[in-house]
Amino acid sequence: MAFRSSLLLVSAAALALAACSDNSASETAEAVTTMDVAEADAIEAPMAESSAGEAISTPDIPAAAPKIAYVYSYGFRVERDAIAPLQERHADMCANLGPLTCQVRSMSQSGADDDYGYGELELSVAADKARVFGRKLASAVEAEGGEQVSSTIEGEDLSKQIVDTEARLRSREVLRDRLMEVLRTRKGSVQELVEAERGVAQVNEEIDQARSWLQEMRGRVAYSRITVTYQSEGAGPGGFVEPIRKAVSSIGPVAGNVIGGLILLLTIFLPLGLIGYGLWRLFGWLRRREESTASKD
């Protein structure tokens with residue numbers, strides 16, 4: 001009976017944990033079971049008793065370094081024809097650092113028929129080398145005769161989320177081990193074993209999800225994202241020449257829309273006009289016929 005009661009308690013805990021798995025990442029990451037707290041207290045109790053009779057001064061435990069995910073943004077102004085070569089040069093600089101230090105995430109270019117052009121390059125760089133690499137990017141642009149027009153650094157502290165997710169992962173692993181022990185011993189009714197199997201499946205799903213969150217956050221801390229934008233020195237959005245360029249470039253579409261509208265109107269009204277003209281000629285012919293018949297009489 002004692003084993004069955006403990007088995008039911010473990011199964012109930014598994015179902016309760018599974019019901020809470022639909023909450024948001026921030027809420028579930030803070031949910032640490034009382035079982036883990038009790039175990040932690042049980043581990044700390046002997047240590048406290050063993051050191052109670054000894055007057056040993058322990059050094060202060062240093063606080064853990066904050067885990068911050070950084071995002072760097074750099075904007076450069078260069079000649080339009082230099083955008084593509086400069087992007088390639090920056091991408092090669094990233095490749096020379098090796099895939100474990102820098103990776104190219106995306107690269108794009110765009111431009112109009114005039115001198116204006118735009119490009120964007122996204123990189124992932126090891127956090128301890130990100131700022132130095134950003135300065136190297138700026139030096140490469142200056143060597144090509146360009147200039148840096150913007151620079152921003154943003155950081156997000158993920159320390160609490162990582163610690164909470166690690167605690168959640170440990171608690172789920174302890175619960176999974178206990179449920180696996182129940183299944184391994186095969187002691188209990190068929191219904192209890194089925195409930196234990198369901199609990200193991202739910203807990204394994206939560207463990208996989210927590211590991212995914214943890215890996216994603218650690219990756220953001222280990223690798224900083226760098227976004228590099230390039231724009232030409234020609235007329236860009238908001239310049240004096242831009243409204244004129246847009247007006248001239250819109251002449252063709254406007255003329256095409258007008259001609260298309262006229263064709264559409266002709267398609268609709270031309271058949272109606274032909275039918276009306278035919279009826280008007282028919283009525284005129286009938287009237288003349290009646291008049292001629294009346295004159296003969």
# chains A, B, ... in the order shown; residues from 1 in each chain; ligands from 1
>>> residues_around(residues="segment 135-148 of chain A", least_positions_apart="4", cutoff="6 Å", atoms="only C-alpha atoms", output="PDB file with N, CA and C atoms, in the first residue's frame")
ATOM      1  N   GLY A  75      26.074  51.107 -39.720  1.00  0.00           N
ATOM      2  CA  GLY A  75      25.620  51.645 -40.993  1.00  0.00           C
ATOM      3  C   GLY A  75      26.741  52.386 -41.690  1.00  0.00           C
ATOM      4  N   PHE A  76      26.944  52.094 -42.980  1.00  0.00           N
ATOM      5  CA  PHE A  76      28.027  52.695 -43.750  1.00  0.00           C
ATOM      6  C   PHE A  76      27.472  53.327 -45.027  1.00  0.00           C
ATOM      7  N   ARG A  77      28.107  54.410 -45.456  1.00  0.00           N
ATOM      8  CA  ARG A  77      27.755  55.061 -46.711  1.00  0.00           C
ATOM      9  C   ARG A  77      28.950  54.960 -47.657  1.00  0.00           C
ATOM     10  N   VAL A  78      28.731  54.351 -48.815  1.00  0.00           N
ATOM     11  CA  VAL A  78      29.789  54.135 -49.802  1.00  0.00           C
ATOM     12  C   VAL A  78      29.207  54.378 -51.194  1.00  0.00           C
TER      13      VAL A  78
END
>>> select_by_dssp(residues="segment 68-296 of chain A", states="strand (DSSP E or B)", output="PyMOL selection string")
chain A and resi 68-78+102-111+117-126+147-157+223-232
>>> closest_atom_pairs(of="segment 112-192 of chain A", to="segment 65-68 of chain A", cutoff="12 Å", atoms="only C-alpha atoms", output="Markdown table")
| residue | atom | partner | partner_atom | distance |
| --- | --- | --- | --- | --- |
| A:Ala127 | CA | A:Ile68 | CA | 9.5 |
| A:Asp128 | CA | A:Ile68 | CA | 11.7 |
| A:Ile153 | CA | A:Ile68 | CA | 11.8 |
| A:Glu154 | CA | A:Ile68 | CA | 9.6 |
| A:Gly155 | CA | A:Ile68 | CA | 6.0 |
| A:Glu156 | CA | A:Ile68 | CA | 5.3 |
| A:Asp157 | CA | A:Ile68 | CA | 4.3 |
| A:Leu158 | CA | A:Lys67 | CA | 5.5 |
| A:Ser159 | CA | A:Lys67 | CA | 4.9 |
| A:Lys160 | CA | A:Lys67 | CA | 8.6 |
| A:Gln161 | CA | A:Lys67 | CA | 9.6 |
| A:Ile162 | CA | A:Lys67 | CA | 8.3 |
| A:Val163 | CA | A:Lys67 | CA | 10.0 |
>>> write_last_selection(atoms="C-alpha atoms", output="PDB file, in the first residue's frame")
ATOM      1  CA  ALA A 127      30.850  37.437 -28.222  1.00  0.00           C
ATOM      2  CA  ASP A 128      34.443  38.063 -27.086  1.00  0.00           C
ATOM      3  CA  ILE A 153      24.819  48.255 -29.345  1.00  0.00           C
ATOM      4  CA  GLU A 154      21.916  46.545 -27.601  1.00  0.00           C
ATOM      5  CA  GLY A 155      22.139  43.964 -24.838  1.00  0.00           C
ATOM      6  CA  GLU A 156      19.593  41.646 -23.219  1.00  0.00           C
ATOM      7  CA  ASP A 157      20.345  40.056 -19.832  1.00  0.00           C
ATOM      8  CA  LEU A 158      19.387  36.372 -19.994  1.00  0.00           C
ATOM      9  CA  SER A 159      20.916  35.373 -16.637  1.00  0.00           C
ATOM     10  CA  LYS A 160      17.634  34.805 -14.810  1.00  0.00           C
ATOM     11  CA  GLN A 161      16.015  32.970 -17.701  1.00  0.00           C
ATOM     12  CA  ILE A 162      18.999  30.637 -18.057  1.00  0.00           C
ATOM     13  CA  VAL A 163      19.167  29.877 -14.310  1.00  0.00           C
TER      14      VAL A 163
END
>>> atom_distance(atom1="atom CA of Ala210 of chain A", atom2="atom CA of Val125 of chain A")
24.7 Å
>>> residues_around(residues="segment 212-216 of chain A", least_positions_apart="3", cutoff="9 Å", atoms="only C-alpha atoms", output="NGL selection string")
:A and (25 or 161-162 or 165-166 or 207-209 or 219-221)
>>> write_last_selection(atoms="all heavy atoms", output="PDB file, in the first residue's frame")
ATOM      1  N   ALA A  25       7.052  30.538 -21.651  1.00  0.00           N
ATOM      2  CA  ALA A  25       8.399  30.106 -21.305  1.00  0.00           C
ATOM      3  C   ALA A  25       8.873  30.763 -20.019  1.00  0.00           C
ATOM      4  O   ALA A  25       9.543  30.146 -19.199  1.00  0.00           O
ATOM      5  CB  ALA A  25       9.353  30.445 -22.442  1.00  0.00           C
ATOM      6  N   GLN A 161      16.697  33.969 -16.883  1.00  0.00           N
ATOM      7  CA  GLN A 161      16.015  32.970 -17.701  1.00  0.00           C
ATOM      8  C   GLN A 161      16.830  31.686 -17.817  1.00  0.00           C
ATOM      9  O   GLN A 161      16.286  30.585 -17.758  1.00  0.00           O
ATOM     10  CB  GLN A 161      15.744  33.537 -19.093  1.00  0.00           C
ATOM     11  CG  GLN A 161      14.840  34.763 -19.083  1.00  0.00           C
ATOM     12  CD  GLN A 161      14.575  35.270 -20.484  1.00  0.00           C
ATOM     13  OE1 GLN A 161      14.459  34.501 -21.429  1.00  0.00           O
ATOM     14  NE2 GLN A 161      14.485  36.586 -20.645  1.00  0.00           N
ATOM     15  N   ILE A 162      18.156  31.823 -17.945  1.00  0.00           N
ATOM     16  CA  ILE A 162      18.999  30.637 -18.057  1.00  0.00           C
ATOM     17  C   ILE A 162      19.009  29.857 -16.748  1.00  0.00           C
ATOM     18  O   ILE A 162      18.883  28.622 -16.731  1.00  0.00           O
ATOM     19  CB  ILE A 162      20.425  31.038 -18.471  1.00  0.00           C
ATOM     20  CG1 ILE A 162      20.423  31.560 -19.921  1.00  0.00           C
ATOM     21  CG2 ILE A 162      21.392  29.875 -18.337  1.00  0.00           C
ATOM     22  CD1 ILE A 162      21.767  32.050 -20.405  1.00  0.00           C
ATOM     23  N   THR A 165      15.652  28.142 -16.255  1.00  0.00           N
ATOM     24  CA  THR A 165      15.488  27.013 -17.172  1.00  0.00           C
ATOM     25  C   THR A 165      16.346  25.831 -16.749  1.00  0.00           C
ATOM     26  O   THR A 165      15.923  24.676 -16.854  1.00  0.00           O
ATOM     27  CB  THR A 165      15.842  27.442 -18.606  1.00  0.00           C
ATOM     28  OG1 THR A 165      15.062  28.582 -18.972  1.00  0.00           O
ATOM     29  CG2 THR A 165      15.556  26.327 -19.599  1.00  0.00           C
ATOM     30  N   GLU A 166      17.555  26.099 -16.253  1.00  0.00           N
ATOM     31  CA  GLU A 166      18.397  25.015 -15.755  1.00  0.00           C
ATOM     32  C   GLU A 166      17.757  24.321 -14.552  1.00  0.00           C
ATOM     33  O   GLU A 166      17.789  23.087 -14.442  1.00  0.00           O
ATOM     34  CB  GLU A 166      19.773  25.556 -15.386  1.00  0.00           C
ATOM     35  CG  GLU A 166      20.615  25.976 -16.590  1.00  0.00           C
ATOM     36  CD  GLU A 166      21.918  26.622 -16.174  1.00  0.00           C
ATOM     37  OE1 GLU A 166      22.030  27.011 -14.986  1.00  0.00           O
ATOM     38  OE2 GLU A 166      22.821  26.754 -17.028  1.00  0.00           O
ATOM     39  N   ILE A 207      11.414  18.109 -20.941  1.00  0.00           N
ATOM     40  CA  ILE A 207      12.880  18.144 -20.892  1.00  0.00           C
ATOM     41  C   ILE A 207      13.446  18.596 -22.236  1.00  0.00           C
ATOM     42  O   ILE A 207      14.362  19.433 -22.296  1.00  0.00           O
ATOM     43  CB  ILE A 207      13.421  16.756 -20.490  1.00  0.00           C
ATOM     44  CG1 ILE A 207      13.117  16.484 -19.011  1.00  0.00           C
ATOM     45  CG2 ILE A 207      14.918  16.671 -20.732  1.00  0.00           C
ATOM     46  CD1 ILE A 207      13.506  15.095 -18.553  1.00  0.00           C
ATOM     47  N   ASP A 208      12.924  18.057 -23.336  1.00  0.00           N
ATOM     48  CA  ASP A 208      13.394  18.456 -24.664  1.00  0.00           C
ATOM     49  C   ASP A 208      13.144  19.940 -24.914  1.00  0.00           C
ATOM     50  O   ASP A 208      13.991  20.645 -25.487  1.00  0.00           O
ATOM     51  CB  ASP A 208      12.708  17.617 -25.738  1.00  0.00           C
ATOM     52  CG  ASP A 208      13.133  16.153 -25.683  1.00  0.00           C
ATOM     53  OD1 ASP A 208      14.199  15.864 -25.120  1.00  0.00           O
ATOM     54  OD2 ASP A 208      12.367  15.298 -26.190  1.00  0.00           O
ATOM     55  N   GLN A 209      11.981  20.406 -24.486  1.00  0.00           N
ATOM     56  CA  GLN A 209      11.658  21.822 -24.677  1.00  0.00           C
ATOM     57  C   GLN A 209      12.588  22.708 -23.854  1.00  0.00           C
ATOM     58  O   GLN A 209      13.088  23.727 -24.341  1.00  0.00           O
ATOM     59  CB  GLN A 209      10.204  22.078 -24.288  1.00  0.00           C
ATOM     60  CG  GLN A 209       9.704  23.466 -24.639  1.00  0.00           C
ATOM     61  CD  GLN A 209       8.239  23.657 -24.290  1.00  0.00           C
ATOM     62  OE1 GLN A 209       7.754  23.063 -23.324  1.00  0.00           O
ATOM     63  NE2 GLN A 209       7.544  24.460 -25.048  1.00  0.00           N
ATOM     64  N   GLY A 219      23.300  30.083 -26.983  1.00  0.00           N
ATOM     65  CA  GLY A 219      23.825  30.480 -28.286  1.00  0.00           C
ATOM     66  C   GLY A 219      23.785  31.979 -28.484  1.00  0.00           C
ATOM     67  O   GLY A 219      24.720  32.566 -29.053  1.00  0.00           O
ATOM     68  N   ARG A 220      22.720  32.627 -28.023  1.00  0.00           N
ATOM     69  CA  ARG A 220      22.629  34.085 -28.147  1.00  0.00           C
ATOM     70  C   ARG A 220      23.686  34.777 -27.304  1.00  0.00           C
ATOM     71  O   ARG A 220      24.167  35.860 -27.674  1.00  0.00           O
ATOM     72  CB  ARG A 220      21.237  34.550 -27.729  1.00  0.00           C
ATOM     73  CG  ARG A 220      20.134  34.150 -28.687  1.00  0.00           C
ATOM     74  CD  ARG A 220      18.775  34.548 -28.148  1.00  0.00           C
ATOM     75  NE  ARG A 220      18.707  35.990 -27.895  1.00  0.00           N
ATOM     76  CZ  ARG A 220      17.719  36.582 -27.240  1.00  0.00           C
ATOM     77  NH1 ARG A 220      16.718  35.858 -26.753  1.00  0.00           N
ATOM     78  NH2 ARG A 220      17.728  37.876 -27.047  1.00  0.00           N
ATOM     79  N   VAL A 221      24.032  34.187 -26.161  1.00  0.00           N
ATOM     80  CA  VAL A 221      25.066  34.777 -25.311  1.00  0.00           C
ATOM     81  C   VAL A 221      26.448  34.537 -25.909  1.00  0.00           C
ATOM     82  O   VAL A 221      27.304  35.420 -25.913  1.00  0.00           O
ATOM     83  CB  VAL A 221      24.973  34.199 -23.885  1.00  0.00           C
ATOM     84  CG1 VAL A 221      26.142  34.684 -23.031  1.00  0.00           C
ATOM     85  CG2 VAL A 221      23.658  34.603 -23.233  1.00  0.00           C
TER      86      VAL A 221
END
>>> residues_around(residues="Gly119 of chain A", least_positions_apart="3", cutoff="6 Å", atoms="only C-alpha atoms", output="list in words")
Ser108, Gln109, Thr229 and Tyr230 of chain A
>>> write_last_selection(atoms="all heavy atoms", output="PDB file, in the first residue's frame")
ATOM      1  N   SER A 108      22.118  40.646 -48.678  1.00  0.00           N
ATOM      2  CA  SER A 108      21.171  41.087 -49.704  1.00  0.00           C
ATOM      3  C   SER A 108      21.604  42.437 -50.248  1.00  0.00           C
ATOM      4  O   SER A 108      22.291  43.211 -49.573  1.00  0.00           O
ATOM      5  CB  SER A 108      19.749  41.172 -49.136  1.00  0.00           C
ATOM      6  OG  SER A 108      19.679  42.113 -48.077  1.00  0.00           O
ATOM      7  N   GLN A 109      21.157  42.708 -51.488  1.00  0.00           N
ATOM      8  CA  GLN A 109      21.434  43.971 -52.160  1.00  0.00           C
ATOM      9  C   GLN A 109      20.188  44.421 -52.902  1.00  0.00           C
ATOM     10  O   GLN A 109      19.379  43.601 -53.346  1.00  0.00           O
ATOM     11  CB  GLN A 109      22.600  43.832 -53.142  1.00  0.00           C
ATOM     12  CG  GLN A 109      23.907  43.376 -52.544  1.00  0.00           C
ATOM     13  CD  GLN A 109      24.956  43.153 -53.608  1.00  0.00           C
ATOM     14  OE1 GLN A 109      24.834  43.657 -54.719  1.00  0.00           O
ATOM     15  NE2 GLN A 109      25.978  42.390 -53.268  1.00  0.00           N
ATOM     16  N   THR A 229      24.604  47.555 -42.574  1.00  0.00           N
ATOM     17  CA  THR A 229      23.832  48.112 -43.683  1.00  0.00           C
ATOM     18  C   THR A 229      24.720  49.034 -44.500  1.00  0.00           C
ATOM     19  O   THR A 229      25.586  49.738 -43.961  1.00  0.00           O
ATOM     20  CB  THR A 229      22.613  48.891 -43.171  1.00  0.00           C
ATOM     21  OG1 THR A 229      23.042  49.929 -42.281  1.00  0.00           O
ATOM     22  CG2 THR A 229      21.651  47.965 -42.437  1.00  0.00           C
ATOM     23  N   TYR A 230      24.497  49.007 -45.804  1.00  0.00           N
ATOM     24  CA  TYR A 230      25.267  49.827 -46.750  1.00  0.00           C
ATOM     25  C   TYR A 230      24.278  50.657 -47.572  1.00  0.00           C
ATOM     26  O   TYR A 230      23.267  50.138 -48.049  1.00  0.00           O
ATOM     27  CB  TYR A 230      26.086  48.951 -47.701  1.00  0.00           C
ATOM     28  CG  TYR A 230      26.869  47.840 -47.035  1.00  0.00           C
ATOM     29  CD1 TYR A 230      26.250  46.630 -46.723  1.00  0.00           C
ATOM     30  CD2 TYR A 230      28.213  47.983 -46.734  1.00  0.00           C
ATOM     31  CE1 TYR A 230      26.964  45.598 -46.135  1.00  0.00           C
ATOM     32  CE2 TYR A 230      28.932  46.958 -46.143  1.00  0.00           C
ATOM     33  CZ  TYR A 230      28.297  45.764 -45.845  1.00  0.00           C
ATOM     34  OH  TYR A 230      28.996  44.742 -45.262  1.00  0.00           O
TER      35      TYR A 230
END
>>> closest_residue(among="A:Arg172, A:Arg218, A:Arg186, A:Arg80", to="Asn204 of chain A", atoms="only C-alpha atoms")
A:Arg172
>>> closest_residue(among="A:Ser224, A:Ser250, A:Gln103, A:Gln202", to="Val71 of chain A", atoms="only C-alpha atoms")
A:Ser224
>>> closest_residue(among="A:Ser292, A:Thr267, A:Gly276, A:Asp81", to="Gly111 of chain A", atoms="only C-alpha atoms")
A:Asp81
>>> closest_residue(among="A:Ala167, A:Ala294, A:Leu121, A:Ala69", to="Ala91 of chain A", atoms="only C-alpha atoms")
A:Leu121
>>> select_by_dssp(residues="segment 34-222 of chain A", states="alpha helix (DSSP H)", output="PyMOL selection string")
chain A and resi 34-50+80-96+130-143+159-185+190-222
>>> closest_residue(among="A:Glu195, A:Glu290, A:Glu88, A:Glu122", to="Val104 of chain A", atoms="only C-alpha atoms")
A:Glu122
>>> residues_around(residues="Leu123 of chain A", least_positions_apart="3", cutoff="7 Å", atoms="only C-alpha atoms", output="MDAnalysis selection string")
chainID A and resid 102:105 225:227
>>> atom_distance(atom1="atom CA of Tyr70 of chain A", atom2="atom CA of Thr152 of chain A")
10.4 Å
>>> atom_distance(atom1="atom CA of Gln87 of chain A", atom2="atom CA of Ser73 of chain A")
14.8 Å
